[in-house]
Structure formats: C-alpha cells, structure tokens
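Novice: There's a structure below that I have some questions on.
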Amino acid sequence: MTDTTTADLDVRLEKHRVELTGYCYRMLGSSFEAEDAVQDTMVRAWRSYEKFEGRSSLRSWLYRIATNVCLDMLSAGNKRARPMDLTESTPLAQAALSPRPDHTWLEPMPDARILPTVEDPAEAAVAKESVRLAFMAALQQLPPKQRAVLILREVLAWKASEVAELLGTTVASVNSALQRARATLAESDGKQGAEAAVSDPLDAEQQKLLDRYVAAFEGYDMTALTALLHEDAIMTMPPFDLWLTGHDDITGFMTTLGSACEGSRLVPVQVNGLPGFAQYKPDPEEGGWTPWAVQVLEISDGRLTGFHFFLDTQRWFPLFGLPLHLDALEAESDQVEKGV
C-alpha cells in the first residue's frame, strides 16, 4: 500500500474503534482486555486488508475479526463476575476484606470509550442499557458464541442472516442460539441485583438525588446517606469479594472499616451507562486527596439501590483520564463546577 492509502485506511479503521471497543467489552467484561482485543483487530485488519475483497462492508469485516479475537480470548473459559455472583452477602459483624485476582472481576469502563455518538435516542438508550453492570454480569453467564449472537442481534440490531454470515453458520443456528441466550438471561433476571432505572439524560429528581448523595458522602453524614439508600441497597468493593446489603450494614461499614473515607471528595464520571464518581480520600502524607475508588451508582424508584467501589485506582484513574492526586485548588475548582 502507498503512504496515502495507508493513512486513509488508518482513518477508516479508527472510525470504528469506539463501537468495536464496546462490542469487545460486552464480550469480555474487561476494560483492558477489550482495548487489547480491538488493537489486535486493527492490526489484523491492517495486515490483511489487501485480501479484503469487499463482499461485505468494512464494518462487518472488522466485527468478524473482532469476534474471532474475542472467542480466542474466551477459550480459557474465564467468566468475569461481581461479588454477589460469587458469594453470599456478609453481615457487617463478619466483614473481612479478602481480595481475589484481577481476572475474577467484571471491570468498569468510561462511557466515552465504548458508546459511540448516535443520533437515534432509542439506539443510544439500548447501547447504554447494554453496558450497565447488571446486564454485563448476566452476559457473562452465556457461552461465548451465544454471547456474540445476543449482542449482535439484540444490542447492535444485526439481521440473523448477517450474524450467520459473520459466524460462518446458518440462520437456524443463530436463531436457536439467540433463543437459548434469552432463556438464560430470563433465568438470571432478578439474581443480579435491582435493575438500574436511569433516564438519559438524568431527570431532575435523579440529579437531585445525586446532588444529595455528594453532599451526604463528602460530609460523611450517615443519617442523610441512609435516607438515600434503598433498604436492600447493595455495596461492593472489587477486588474484595465482600459485599453488603442494607443501609444499616453499609453505613456501619463506612464508619468502621471504611472510616478512612471520611473527608473524601467526589468528581463526576460517566461509567457503564450510569452516573458515577471518582472518589479521592484525604492524603495524610502529602495533603490534598489521593485516589481511592471509581464509584458506579445504580438508581431505582428514587433511591440508590447499588453502589460499587472499584478500588484498583492505579488502573482505573488513568483509564478515565483522572489525576492521581487532587490538591486543594483542584478540589475547590471542582466544587465550583458542581455549583456547590
């Protein structure tokens, strides 16, 4: 290829990066594995482009490559999970922080890396719903090829014939796989925690709830926080397998084992199609605040039904483009932006 052709191909491939990352993320449940899979897809496409005969669109061809990359990565059989998929809820009196390896966990992902800009509000809503933590956890219960079929058919709205061509199988086989996948998801419905019911964009009541949450959390006001939590709210903290249910145990944890979070600052982030915050806790050595967690919040019926703290900040904060230290001036500027 000439330099001009190479540059043109690079531009054409890059146009598909965000949607391909979203697809690979849904398949793999891992932020970094998804980005690795897309990079591998781009390299394979670039190297074999001269063999691309144009019988399908460039987009379809890229999805075929990405699907094969993901299926190869899933051949080891690892399923990403959330704490409540692996253990029973632990009463606060028995709470212990036991970490599990990184590859155990379903990982968070910034919206900007996986949700391409689309004009159709309904299409945008489906895309957001399909990366929320509960749906992602349910996807992980499916065998890899069923997972691919469900995502392509129900999330990306491909025709059965297009999916059959991509997977090298028949329409009947695709329809059968889709039916089995739907049945598995129906069985898991309700086992994954309360369904997040978040409008896009947030409606006035949801925004008020978030504002009250920020005030309660930054003020470490457990009475105010209790008023915002559903009685069956869930709190998780990967990489620890501990998870807590109910506002009494959650606020009890925050004032005992989690008491170092008092005085934290929250910076808004868009994560997994849900509202979230980067949490910085006080840094007693250098002053200011140091990264502690990416929080993902689930809202339903005017209450917080789940909040999930992803604690591996050396990985998550750079992924979200967040600084690894927050000084007093930055915190003050952030408060002004939030209108506090």
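The way I read the labels, and the way they are meant: chains A, B, ... in the order of the structure tokens, residue 1 as the first residue of every chain, and ligand 1 as the first ligand shown, with later ones counted on from there.
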Taking 2 positions as the minimum chain separation for residues in the same chain, which residues sit within 8 Å of Thr21 of chain A when counting only C-alpha atoms? Answer as number ranges by chain.
Specialist: A: 17-19, 23-25, 34-35, 37-38, 113-114
Novice: With a distance cut-off of 7 Å and only C-alpha atoms, select the neighbouring residues of segment 238-247 of chain A, excluding the residue or stretch itself and same-chain residues fewer than 6 positions from it, and output the selection as number ranges by chain.
Specialist: A: 83-84, 89-91, 95-100, 102, 105, 226, 229, 231-232, 309-311
Novice: Which is closer to Val296 of chain A than all the others in A:Met235, A:Ala164, A:Leu178, A:Leu142, using only C-alpha atoms?
Specialist: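 Checking each candidate against Val296 of chain A, we get A:Met235 as the closest.
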Novice: Neighbouring residues of Gln206 of chain A were defined as those with any atom within 8 Å, considering only C-alpha atoms; residues of the same chain fewer than 5 positions away were excluded. Please report them as a PDB file with N, CA, C and O atoms, in the first residue's frame.
Specialist:
ATOM      1  N   VAL A 198     -32.251   4.478  35.114  1.00  0.00           N
ATOM      2  CA  VAL A 198     -31.674   5.810  34.976  1.00  0.00           C
ATOM      3  C   VAL A 198     -32.057   6.381  33.626  1.00  0.00           C
ATOM      4  O   VAL A 198     -31.838   5.756  32.591  1.00  0.00           O
ATOM      5  N   ILE A 299     -29.604   3.489  40.426  1.00  0.00           N
ATOM      6  CA  ILE A 299     -30.756   4.212  40.967  1.00  0.00           C
ATOM      7  C   ILE A 299     -32.031   3.528  40.511  1.00  0.00           C
ATOM      8  O   ILE A 299     -32.149   3.132  39.352  1.00  0.00           O
ATOM      9  N   GLY A 302     -36.265   6.337  42.840  1.00  0.00           N
ATOM     10  CA  GLY A 302     -35.882   7.483  43.649  1.00  0.00           C
ATOM     11  C   GLY A 302     -34.912   7.194  44.773  1.00  0.00           C
ATOM     12  O   GLY A 302     -34.713   8.032  45.654  1.00  0.00           O
TER      13      GLY A 302
END
Novice: Which residues, written as a PyMOL selection string, have at least one atom at most 12 Å from Gly168 of chain A, with only C-alpha atoms counted and residues fewer than 4 positions away on the same chain left out?
Specialist: chain A and resi 64+67-68+145+160-164+173-174
Novice: Ranking A:Leu304, A:Val214, A:Pro110, A:Pro144 by minimum distance to Leu322 of chain A and counting only C-alpha atoms, which one comes first?
Specialist: A:Pro110
Novice: Quick check, in Å to one decimal: how far apart do atom CA of Ala148 of chain A and atom CA of Glu298 of chain A lie?
Specialist: 25.8 Å
Novice: Using DSSP on the backbone, list every residue of segment 228-339 of chain A that comes out as helix (DSSP H, G or I), and give them as a tab-separated table (two decimals) with C-alpha atoms, in the first residue's frame.
Specialist:
chain	number	residue	atom	x	y	z
A	228	LEU	CA	-31.00	7.98	50.09
A	247	HIS	CA	-28.33	0.66	54.71
A	248	ASP	CA	-27.53	-0.32	58.30
A	249	ASP	CA	-24.62	-2.59	57.31
A	250	ILE	CA	-23.44	-0.20	54.59
A	251	THR	CA	-23.30	2.87	56.82
A	252	GLY	CA	-21.94	0.73	59.65
A	253	PHE	CA	-19.07	-0.36	57.43
A	254	MET	CA	-18.38	3.21	56.36
A	259	SER	CA	-13.80	5.28	58.17
A	260	ALA	CA	-10.68	6.48	56.29
A	261	CYS	CA	-13.06	7.67	53.55
A	313	THR	CA	-7.03	3.19	41.26
A	314	GLN	CA	-3.64	2.83	39.55
A	315	ARG	CA	-5.52	1.18	36.68
A	316	TRP	CA	-8.88	2.96	36.72
A	317	PHE	CA	-7.96	6.60	37.19
A	318	PRO	CA	-5.66	6.81	34.12
A	319	LEU	CA	-8.32	4.95	32.09
A	328	ALA	CA	-6.93	21.88	47.45
A	329	LEU	CA	-7.17	24.19	44.42
A	330	GLU	CA	-8.40	21.39	42.15
A	331	ALA	CA	-10.99	20.34	44.72
A	332	GLU	CA	-12.19	23.92	45.12
A	333	SER	CA	-12.46	24.32	41.32
A	334	ASP	CA	-14.44	21.09	41.10
A	335	GLN	CA	-16.86	22.28	43.78
A	336	VAL	CA	-17.44	25.48	41.80
A	337	GLU	CA	-18.15	23.47	38.63
Novice: If you count only C-alpha atoms, which residues fall within 8 Å of Gly263 of chain A, apart from same-chain ones fewer than 5 positions away, as a PyMOL selection string?
Specialist: chain A and resi 218-220+281-282
Novice: Selected residues, N, CA, C and O atoms, written as a PDB file, in the first residue's frame, please.
Specialist:
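Result saved to again_0.pdb:
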ATOM      1  N   GLU A 218     -19.615  13.427  50.955  1.00  0.00           N
ATOM      2  CA  GLU A 218     -18.495  14.316  51.277  1.00  0.00           C
ATOM      3  C   GLU A 218     -18.589  14.830  52.711  1.00  0.00           C
ATOM      4  O   GLU A 218     -17.566  15.075  53.353  1.00  0.00           O
ATOM      5  N   GLY A 219     -19.813  14.992  53.212  1.00  0.00           N
ATOM      6  CA  GLY A 219     -19.992  15.404  54.605  1.00  0.00           C
ATOM      7  C   GLY A 219     -19.947  14.238  55.578  1.00  0.00           C
ATOM      8  O   GLY A 219     -19.983  14.437  56.799  1.00  0.00           O
ATOM      9  N   TYR A 220     -19.871  13.027  55.032  1.00  0.00           N
ATOM     10  CA  TYR A 220     -19.893  11.777  55.802  1.00  0.00           C
ATOM     11  C   TYR A 220     -21.040  11.772  56.799  1.00  0.00           C
ATOM     12  O   TYR A 220     -20.898  11.426  57.983  1.00  0.00           O
ATOM     13  N   LYS A 281      -9.749  10.208  48.618  1.00  0.00           N
ATOM     14  CA  LYS A 281      -9.804  10.319  50.078  1.00  0.00           C
ATOM     15  C   LYS A 281      -8.611  11.147  50.566  1.00  0.00           C
ATOM     16  O   LYS A 281      -7.614  11.301  49.852  1.00  0.00           O
ATOM     17  N   PRO A 282      -8.697  11.708  51.773  1.00  0.00           N
ATOM     18  CA  PRO A 282      -7.620  12.573  52.272  1.00  0.00           C
ATOM     19  C   PRO A 282      -6.265  11.868  52.264  1.00  0.00           C
ATOM     20  O   PRO A 282      -6.161  10.685  52.595  1.00  0.00           O
TER      21      PRO A 282
END
Novice: How many Å separate atom CA of Leu210 of chain A from atom CA of Asp301 of chain A?
Specialist: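 Taking atom CA of Leu210 of chain A as the start and atom CA of Asp301 of chain A as the end point, the length is 13.4 Å.
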Novice: Return the single residue from A:Arg59, A:His308, A:Glu50, A:Leu324 that is closest to Ala233 of chain A, with distances computed using only C-alpha atoms.
Specialist: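 For Ala233 of chain A, the nearest of the candidates is A:His308.
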Novice: Tell me which of A:Ala137, A:Arg303, A:Leu152, A:Asp283 sits closest to Glu205 of chain A, counting only C-alpha atoms.
Specialist: A:Arg303
